[in-house]
Amino acid sequence: AEGTAGAEGAGGARGTVVRRVEDVAERDAWEAVRGARHPDRPTVPDYLGHILDDFQELRGDRLAEDCPAVVGGPGLLAGRAVMVIGQHKGGASLMERQAHRFGMPAPSGYRKAARLMRMAAKLGLPVVTLIDTPGAHPGPAAERGGQAVAIAENLRLMSRLPVPLVAAVVGEGGGGGALALAVADRVLISAGGVYSVISPEGCAAILWKKPEAARAAAAALRPTPRDLLRLGVVDGVVPEPPGGAHRDPAEAAALVGDALAETLSELVPWDPARLLRARAERFRRFGLDTGLDAGLDTGAHDRYADARPHTGRDAP
């Protein structure tokens, strides 16, 4: 067992979103990160193929290109018309993953997502996002193309979109690349997923300049579903089949589909003013009601303090 809640586990019947912290299994943070990166985990197109009817993929950002790391378009989720946008890591082969930029969108990917969200608002369609990315594309071409601006514009757009928004982290949710699709009314995470402001490797490189500090960085970031639910960063955890989503992709997709449909049924009756007010309040609560124990693992930081370069002054 890999520590993920089973389909008939504490959450109850299939598709029930687990909302109580005590019902979510504890997991070692580093092992959770490794599990979320398992090459056999279902990809976003796998989920779309199982949970949507009449899905029509739409391509291009109408400015530069079509980013292969982002897939999206309208479809029917449990009979309800929705706009779905997700990040595509590619399949198990290295060639396919390279073709999809390892799920790391370029600016054109975020602009494509924004185009589809504006279309959804025009048509009155709820928006569902499926997040599975190590982060935004790190290359110089992406920086020259306005990566930071593209992400920032998505954050602003999603904060004011007048239709229901539900985000689900179905694998790895890394940094601003994930947050650019996660400013939502409800944020869910699969029991085998992780979600953090930066990857453990990136955190270790910045703070400790030592690759083996990634495990300690993972513990400090607290990216596991249980910690995220306790901190209020996610609103619910979606159970997975015993052993993880890669053991039964069809069942994992069915669980995600049920959770999305359940969550949307709550939000669809809300008028735009209520959606926008509650969405803003959700993010303003971050850090206010989680208690002092929500801070970083200072012990883990101290254990690797000697690995940091000596500059003659205390590093921040």
# chains A, B, ... in the order shown; residues from 1 in each chain; ligands from 1
>>> select_by_dssp(residues="segment 59-285 of chain A", states="strand (DSSP E)", output="number ranges by chain")
A: 70-77, 80-87, 127-133, 165-174, 186-190, 194-196, 236-238
>>> write_last_selection(atoms="C-alpha atoms", output="compact mmCIF listing (two decimals), in the first residue's frame")
# COMPACT_ATOMS: atom_id res chain seq x y z
CA VAL A 70 -2.04 22.23 -22.25
CA VAL A 71 -5.15 20.47 -23.52
CA GLY A 72 -8.68 21.79 -23.28
CA GLY A 73 -12.11 22.22 -24.74
CA PRO A 74 -15.82 21.74 -24.05
CA GLY A 75 -17.43 18.44 -23.14
CA LEU A 76 -20.14 16.84 -21.05
CA LEU A 77 -19.38 15.86 -17.46
CA ARG A 80 -23.45 18.88 -17.76
CA ALA A 81 -21.68 21.04 -20.35
CA VAL A 82 -18.32 22.24 -19.02
CA MET A 83 -15.05 23.70 -20.26
CA VAL A 84 -12.15 21.49 -19.20
CA ILE A 85 -8.51 22.58 -19.24
CA GLY A 86 -5.60 20.43 -18.14
CA GLN A 87 -1.85 19.95 -18.31
CA VAL A 127 -14.73 25.59 -15.83
CA VAL A 128 -12.91 22.48 -14.63
CA THR A 129 -9.11 22.40 -14.51
CA LEU A 130 -6.97 19.27 -14.10
CA ILE A 131 -3.49 20.03 -12.76
CA ASP A 132 -0.48 17.81 -13.35
CA THR A 133 2.73 19.75 -13.86
CA LEU A 165 -14.50 27.06 -11.18
CA VAL A 166 -13.30 23.72 -9.85
CA ALA A 167 -9.64 22.67 -9.91
CA ALA A 168 -8.36 19.16 -9.26
CA VAL A 169 -4.70 18.31 -8.70
CA VAL A 170 -4.58 14.82 -10.20
CA GLY A 171 -0.81 14.34 -9.99
CA GLU A 172 1.98 16.81 -9.41
CA GLY A 173 1.08 20.45 -8.75
CA GLY A 174 4.23 22.54 -8.86
CA ARG A 186 -13.05 24.63 -4.92
CA VAL A 187 -9.64 22.98 -5.14
CA LEU A 188 -9.52 19.19 -4.86
CA ILE A 189 -6.52 16.88 -4.84
CA SER A 190 -6.24 13.18 -5.57
CA VAL A 194 1.04 16.74 -4.23
CA TYR A 195 0.77 20.52 -4.45
CA SER A 196 3.39 23.08 -3.38
CA GLY A 236 -11.24 17.99 -0.32
CA VAL A 237 -9.31 14.83 -1.17
CA VAL A 238 -10.42 12.44 -3.91
>>> atom_distance(atom1="atom CA of Thr16 of chain A", atom2="atom CA of Met158 of chain A")
25.9 Å
>>> select_by_dssp(residues="segment 24-150 of chain A", states="alpha helix (DSSP H)", output="mmCIF file with N, CA, C and O atoms, in the first residue's frame")
data_model
loop_
_atom_site.group_PDB
_atom_site.id
_atom_site.type_symbol
_atom_site.label_atom_id
_atom_site.label_comp_id
_atom_site.auth_asym_id
_atom_site.auth_seq_id
_atom_site.Cartn_x
_atom_site.Cartn_y
_atom_site.Cartn_z
ATOM 1 N N ALA A 29 6.367 12.922 3.042
ATOM 2 C CA ALA A 29 6.281 13.941 2.000
ATOM 3 C C ALA A 29 7.096 13.573 0.761
ATOM 4 O O ALA A 29 6.626 13.717 -0.376
ATOM 5 N N TRP A 30 8.316 13.093 0.952
ATOM 6 C CA TRP A 30 9.165 12.774 -0.194
ATOM 7 C C TRP A 30 8.612 11.585 -0.963
ATOM 8 O O TRP A 30 8.621 11.572 -2.201
ATOM 9 N N GLU A 31 8.103 10.585 -0.244
ATOM 10 C CA GLU A 31 7.510 9.443 -0.925
ATOM 11 C C GLU A 31 6.248 9.855 -1.674
ATOM 12 O O GLU A 31 5.944 9.321 -2.747
ATOM 13 N N ALA A 32 5.501 10.815 -1.127
ATOM 14 C CA ALA A 32 4.312 11.314 -1.821
ATOM 15 C C ALA A 32 4.701 12.009 -3.122
ATOM 16 O O ALA A 32 4.033 11.842 -4.154
ATOM 17 N N VAL A 33 5.776 12.783 -3.091
ATOM 18 C CA VAL A 33 6.250 13.447 -4.310
ATOM 19 C C VAL A 33 6.643 12.417 -5.361
ATOM 20 O O VAL A 33 6.273 12.518 -6.529
ATOM 21 N N ARG A 34 7.380 11.405 -4.933
ATOM 22 C CA ARG A 34 7.797 10.365 -5.874
ATOM 23 C C ARG A 34 6.589 9.624 -6.443
ATOM 24 O O ARG A 34 6.549 9.287 -7.631
ATOM 25 N N GLY A 35 5.597 9.377 -5.608
ATOM 26 C CA GLY A 35 4.405 8.694 -6.084
ATOM 27 C C GLY A 35 3.623 9.519 -7.087
ATOM 28 O O GLY A 35 3.101 8.985 -8.078
ATOM 29 N N ALA A 36 3.527 10.823 -6.851
ATOM 30 C CA ALA A 36 2.808 11.700 -7.779
ATOM 31 C C ALA A 36 3.493 11.763 -9.134
ATOM 32 O O ALA A 36 2.850 12.077 -10.146
ATOM 33 N N VAL A 44 -3.677 13.575 -17.965
ATOM 34 C CA VAL A 44 -4.927 14.334 -18.115
ATOM 35 C C VAL A 44 -5.772 13.820 -19.285
ATOM 36 O O VAL A 44 -6.990 13.646 -19.132
ATOM 37 N N PRO A 45 -5.203 13.538 -20.476
ATOM 38 C CA PRO A 45 -6.041 12.954 -21.529
ATOM 39 C C PRO A 45 -6.683 11.629 -21.135
ATOM 40 O O PRO A 45 -7.798 11.318 -21.585
ATOM 41 N N ASP A 46 -6.008 10.845 -20.290
ATOM 42 C CA ASP A 46 -6.625 9.612 -19.797
ATOM 43 C C ASP A 46 -7.888 9.936 -19.008
ATOM 44 O O ASP A 46 -8.927 9.277 -19.166
ATOM 45 N N TYR A 47 -7.796 10.927 -18.140
ATOM 46 C CA TYR A 47 -8.969 11.330 -17.369
ATOM 47 C C TYR A 47 -10.076 11.842 -18.287
ATOM 48 O O TYR A 47 -11.250 11.489 -18.125
ATOM 49 N N LEU A 48 -9.709 12.685 -19.249
ATOM 50 C CA LEU A 48 -10.725 13.254 -20.144
ATOM 51 C C LEU A 48 -11.449 12.158 -20.906
ATOM 52 O O LEU A 48 -12.667 12.225 -21.110
ATOM 53 N N GLY A 49 -10.700 11.153 -21.338
ATOM 54 C CA GLY A 49 -11.308 10.071 -22.091
ATOM 55 C C GLY A 49 -12.315 9.278 -21.292
ATOM 56 O O GLY A 49 -13.257 8.695 -21.859
ATOM 57 N N HIS A 50 -12.159 9.237 -19.968
ATOM 58 C CA HIS A 50 -13.052 8.466 -19.119
ATOM 59 C C HIS A 50 -14.216 9.273 -18.561
ATOM 60 O O HIS A 50 -15.314 8.730 -18.366
ATOM 61 N N ILE A 51 -13.999 10.545 -18.271
ATOM 62 C CA ILE A 51 -15.028 11.292 -17.540
ATOM 63 C C ILE A 51 -15.867 12.203 -18.421
ATOM 64 O O ILE A 51 -16.914 12.689 -17.962
ATOM 65 N N LEU A 94 9.895 8.534 -23.229
ATOM 66 C CA LEU A 94 10.618 9.802 -23.161
ATOM 67 C C LEU A 94 10.279 10.687 -24.352
ATOM 68 O O LEU A 94 10.095 11.904 -24.204
ATOM 69 N N MET A 95 10.146 10.094 -25.532
ATOM 70 C CA MET A 95 9.856 10.883 -26.719
ATOM 71 C C MET A 95 8.516 11.598 -26.602
ATOM 72 O O MET A 95 8.389 12.781 -26.959
ATOM 73 N N GLU A 96 7.513 10.884 -26.091
ATOM 74 C CA GLU A 96 6.196 11.508 -25.961
ATOM 75 C C GLU A 96 6.210 12.597 -24.903
ATOM 76 O O GLU A 96 5.581 13.649 -25.054
ATOM 77 N N ARG A 97 6.935 12.356 -23.824
ATOM 78 C CA ARG A 97 7.015 13.385 -22.782
ATOM 79 C C ARG A 97 7.745 14.631 -23.293
ATOM 80 O O ARG A 97 7.366 15.755 -22.968
ATOM 81 N N GLN A 98 8.779 14.433 -24.078
ATOM 82 C CA GLN A 98 9.463 15.583 -24.670
ATOM 83 C C GLN A 98 8.529 16.351 -25.595
ATOM 84 O O GLN A 98 8.538 17.589 -25.631
ATOM 85 N N ALA A 99 7.709 15.616 -26.350
ATOM 86 C CA ALA A 99 6.783 16.261 -27.282
ATOM 87 C C ALA A 99 5.777 17.139 -26.549
ATOM 88 O O ALA A 99 5.291 18.139 -27.108
ATOM 89 N N PRO A 107 4.249 30.164 -22.279
ATOM 90 C CA PRO A 107 3.248 31.241 -22.191
ATOM 91 C C PRO A 107 2.034 30.996 -23.086
ATOM 92 O O PRO A 107 0.904 31.305 -22.693
ATOM 93 N N SER A 108 2.259 30.406 -24.259
ATOM 94 C CA SER A 108 1.135 30.142 -25.153
ATOM 95 C C SER A 108 0.143 29.169 -24.543
ATOM 96 O O SER A 108 -1.059 29.225 -24.826
ATOM 97 N N GLY A 109 0.623 28.265 -23.676
ATOM 98 C CA GLY A 109 -0.286 27.339 -23.007
ATOM 99 C C GLY A 109 -1.216 28.055 -22.048
ATOM 100 O O GLY A 109 -2.416 27.756 -21.989
ATOM 101 N N TYR A 110 -0.677 28.999 -21.288
ATOM 102 C CA TYR A 110 -1.513 29.744 -20.355
ATOM 103 C C TYR A 110 -2.431 30.710 -21.102
ATOM 104 O O TYR A 110 -3.563 30.950 -20.671
ATOM 105 N N ARG A 111 -1.962 31.241 -22.227
ATOM 106 C CA ARG A 111 -2.852 32.087 -23.031
ATOM 107 C C ARG A 111 -3.979 31.258 -23.648
ATOM 108 O O ARG A 111 -5.112 31.731 -23.767
ATOM 109 N N LYS A 112 -3.678 30.020 -24.055
ATOM 110 C CA LYS A 112 -4.735 29.148 -24.560
ATOM 111 C C LYS A 112 -5.755 28.880 -23.464
ATOM 112 O O LYS A 112 -6.968 28.927 -23.703
ATOM 113 N N ALA A 113 -5.268 28.582 -22.256
ATOM 114 C CA ALA A 113 -6.182 28.345 -21.146
ATOM 115 C C ALA A 113 -7.061 29.565 -20.892
ATOM 116 O O ALA A 113 -8.274 29.443 -20.664
ATOM 117 N N ALA A 114 -6.457 30.752 -20.939
ATOM 118 C CA ALA A 114 -7.229 31.975 -20.720
ATOM 119 C C ALA A 114 -8.276 32.162 -21.813
ATOM 120 O O ALA A 114 -9.412 32.583 -21.546
ATOM 121 N N ARG A 115 -7.928 31.854 -23.054
ATOM 122 C CA ARG A 115 -8.896 31.966 -24.154
ATOM 123 C C ARG A 115 -10.096 31.056 -23.909
ATOM 124 O O ARG A 115 -11.246 31.465 -24.108
ATOM 125 N N LEU A 116 -9.835 29.831 -23.457
ATOM 126 C CA LEU A 116 -10.925 28.896 -23.221
ATOM 127 C C LEU A 116 -11.771 29.328 -22.026
ATOM 128 O O LEU A 116 -12.999 29.143 -22.020
ATOM 129 N N MET A 117 -11.142 29.910 -21.004
ATOM 130 C CA MET A 117 -11.916 30.380 -19.855
ATOM 131 C C MET A 117 -12.801 31.560 -20.236
ATOM 132 O O MET A 117 -13.955 31.655 -19.787
ATOM 133 N N ARG A 118 -12.297 32.461 -21.067
ATOM 134 C CA ARG A 118 -13.141 33.576 -21.526
ATOM 135 C C ARG A 118 -14.299 33.063 -22.367
ATOM 136 O O ARG A 118 -15.422 33.582 -22.287
ATOM 137 N N MET A 119 -14.047 32.065 -23.186
ATOM 138 C CA MET A 119 -15.118 31.460 -23.971
ATOM 139 C C MET A 119 -16.160 30.828 -23.056
ATOM 140 O O MET A 119 -17.372 30.955 -23.284
ATOM 141 N N ALA A 120 -15.700 30.159 -21.994
ATOM 142 C CA ALA A 120 -16.631 29.549 -21.044
ATOM 143 C C ALA A 120 -17.505 30.609 -20.382
ATOM 144 O O ALA A 120 -18.719 30.406 -20.211
ATOM 145 N N ALA A 121 -16.896 31.734 -20.003
ATOM 146 C CA ALA A 121 -17.672 32.808 -19.385
ATOM 147 C C ALA A 121 -18.718 33.344 -20.363
ATOM 148 O O ALA A 121 -19.859 33.631 -19.977
ATOM 149 N N LYS A 122 -18.348 33.486 -21.621
ATOM 150 C CA LYS A 122 -19.276 33.986 -22.635
ATOM 151 C C LYS A 122 -20.448 33.038 -22.821
ATOM 152 O O LYS A 122 -21.596 33.468 -23.004
ATOM 153 N N LEU A 123 -20.176 31.723 -22.760
ATOM 154 C CA LEU A 123 -21.218 30.723 -22.978
ATOM 155 C C LEU A 123 -21.911 30.297 -21.688
ATOM 156 O O LEU A 123 -22.851 29.494 -21.730
ATOM 157 N N PRO A 140 14.662 29.759 -21.519
ATOM 158 C CA PRO A 140 14.789 31.193 -21.844
ATOM 159 C C PRO A 140 13.746 31.661 -22.848
ATOM 160 O O PRO A 140 13.312 32.807 -22.803
ATOM 161 N N ALA A 141 13.317 30.773 -23.763
ATOM 162 C CA ALA A 141 12.288 31.171 -24.731
ATOM 163 C C ALA A 141 10.979 31.511 -24.032
ATOM 164 O O ALA A 141 10.268 32.451 -24.414
ATOM 165 N N ALA A 142 10.653 30.742 -22.982
ATOM 166 C CA ALA A 142 9.436 31.029 -22.230
ATOM 167 C C ALA A 142 9.543 32.375 -21.510
ATOM 168 O O ALA A 142 8.569 33.143 -21.454
ATOM 169 N N GLU A 143 10.719 32.657 -20.964
ATOM 170 C CA GLU A 143 10.901 33.944 -20.294
ATOM 171 C C GLU A 143 10.797 35.098 -21.298
ATOM 172 O O GLU A 143 10.172 36.122 -21.015
ATOM 173 N N ARG A 144 11.406 34.923 -22.456
ATOM 174 C CA ARG A 144 11.304 35.966 -23.480
ATOM 175 C C ARG A 144 9.871 36.136 -23.967
ATOM 176 O O ARG A 144 9.464 37.229 -24.375
ATOM 177 N N GLN A 147 6.454 34.642 -19.770
ATOM 178 C CA GLN A 147 5.886 33.609 -18.904
ATOM 179 C C GLN A 147 5.238 34.197 -17.658
ATOM 180 O O GLN A 147 4.103 33.847 -17.309
ATOM 181 N N ALA A 148 5.932 35.077 -16.972
ATOM 182 C CA ALA A 148 5.401 35.639 -15.732
ATOM 183 C C ALA A 148 4.112 36.411 -15.987
ATOM 184 O O ALA A 148 3.149 36.328 -15.208
ATOM 185 N N VAL A 149 4.078 37.163 -17.078
ATOM 186 C CA VAL A 149 2.880 37.944 -17.398
ATOM 187 C C VAL A 149 1.713 37.021 -17.728
ATOM 188 O O VAL A 149 0.579 37.239 -17.282
ATOM 189 N N ALA A 150 1.975 35.955 -18.489
ATOM 190 C CA ALA A 150 0.909 35.024 -18.861
ATOM 191 C C ALA A 150 0.302 34.374 -17.621
ATOM 192 O O ALA A 150 -0.928 34.237 -17.515
#
>>> closest_atom_pairs(of="segment 214-305 of chain A", to="segment 197-206 of chain A", cutoff="7 Å", atoms="only C-alpha atoms", output="CSV")
residue,atom,partner,partner_atom,distance
A:Ala214,CA,A:Pro200,CA,4.9
A:Ala217,CA,A:Pro200,CA,5.1
A:Ala218,CA,A:Pro200,CA,5.0
>>> decode(residues="segment 228-285 of chain A", atoms="C-alpha atoms", output="mmCIF file, in the first residue's frame")
data_model
loop_
_atom_site.group_PDB
_atom_site.id
_atom_site.type_symbol
_atom_site.label_atom_id
_atom_site.label_comp_id
_atom_site.auth_asym_id
_atom_site.auth_seq_id
_atom_site.Cartn_x
_atom_site.Cartn_y
_atom_site.Cartn_z
ATOM 1 C CA LEU A 228 -2.997 20.691 2.401
ATOM 2 C CA LEU A 229 -6.462 19.910 3.738
ATOM 3 C CA ARG A 230 -5.409 20.830 7.273
ATOM 4 C CA LEU A 231 -3.977 24.128 6.058
ATOM 5 C CA GLY A 232 -7.080 24.942 4.015
ATOM 6 C CA VAL A 233 -5.188 25.028 0.717
ATOM 7 C CA VAL A 234 -7.457 22.302 -0.698
ATOM 8 C CA ASP A 235 -11.133 21.747 0.049
ATOM 9 C CA GLY A 236 -11.239 17.990 -0.319
ATOM 10 C CA VAL A 237 -9.313 14.834 -1.169
ATOM 11 C CA VAL A 238 -10.425 12.443 -3.908
ATOM 12 C CA PRO A 239 -9.806 8.773 -3.017
ATOM 13 C CA GLU A 240 -7.770 6.569 -5.344
ATOM 14 C CA PRO A 241 -7.867 2.813 -6.007
ATOM 15 C CA PRO A 242 -5.804 0.706 -3.596
ATOM 16 C CA GLY A 243 -2.112 1.117 -4.427
ATOM 17 C CA GLY A 244 -2.576 4.345 -6.360
ATOM 18 C CA ALA A 245 -4.158 5.673 -9.543
ATOM 19 C CA HIS A 246 -1.698 3.817 -11.776
ATOM 20 C CA ARG A 247 -3.047 0.481 -10.502
ATOM 21 C CA ASP A 248 -6.497 1.133 -12.000
ATOM 22 C CA PRO A 249 -6.599 4.286 -14.185
ATOM 23 C CA ALA A 250 -10.230 3.767 -15.196
ATOM 24 C CA GLU A 251 -11.390 3.583 -11.586
ATOM 25 C CA ALA A 252 -9.184 6.551 -10.634
ATOM 26 C CA ALA A 253 -10.774 8.590 -13.423
ATOM 27 C CA ALA A 254 -14.268 7.550 -12.337
ATOM 28 C CA LEU A 255 -13.502 8.732 -8.794
ATOM 29 C CA VAL A 256 -12.266 12.101 -10.056
ATOM 30 C CA GLY A 257 -15.275 12.458 -12.349
ATOM 31 C CA ASP A 258 -17.693 11.730 -9.512
ATOM 32 C CA ALA A 259 -15.938 14.226 -7.239
ATOM 33 C CA LEU A 260 -16.011 16.953 -9.894
ATOM 34 C CA ALA A 261 -19.685 16.373 -10.653
ATOM 35 C CA GLU A 262 -20.522 16.424 -6.927
ATOM 36 C CA THR A 263 -18.616 19.664 -6.389
ATOM 37 C CA LEU A 264 -20.092 21.386 -9.437
ATOM 38 C CA SER A 265 -23.610 20.502 -8.355
ATOM 39 C CA GLU A 266 -23.019 22.611 -5.243
ATOM 40 C CA LEU A 267 -21.657 25.630 -7.123
ATOM 41 C CA VAL A 268 -23.778 25.826 -10.273
ATOM 42 C CA PRO A 269 -26.845 27.304 -8.487
ATOM 43 C CA TRP A 270 -24.772 30.209 -7.150
ATOM 44 C CA ASP A 271 -25.095 33.578 -8.898
ATOM 45 C CA PRO A 272 -21.904 35.322 -10.136
ATOM 46 C CA ALA A 273 -21.806 37.803 -7.260
ATOM 47 C CA ARG A 274 -21.847 35.014 -4.684
ATOM 48 C CA LEU A 275 -19.187 33.054 -6.585
ATOM 49 C CA LEU A 276 -16.819 36.013 -6.790
ATOM 50 C CA ARG A 277 -17.323 37.002 -3.156
ATOM 51 C CA ALA A 278 -16.757 33.479 -1.840
ATOM 52 C CA ARG A 279 -13.766 32.904 -4.141
ATOM 53 C CA ALA A 280 -12.051 36.051 -2.881
ATOM 54 C CA GLU A 281 -12.786 35.147 0.742
ATOM 55 C CA ARG A 282 -11.376 31.658 0.232
ATOM 56 C CA PHE A 283 -7.940 32.918 -0.749
ATOM 57 C CA ARG A 284 -7.904 35.745 1.788
ATOM 58 C CA ARG A 285 -8.268 33.172 4.576
#
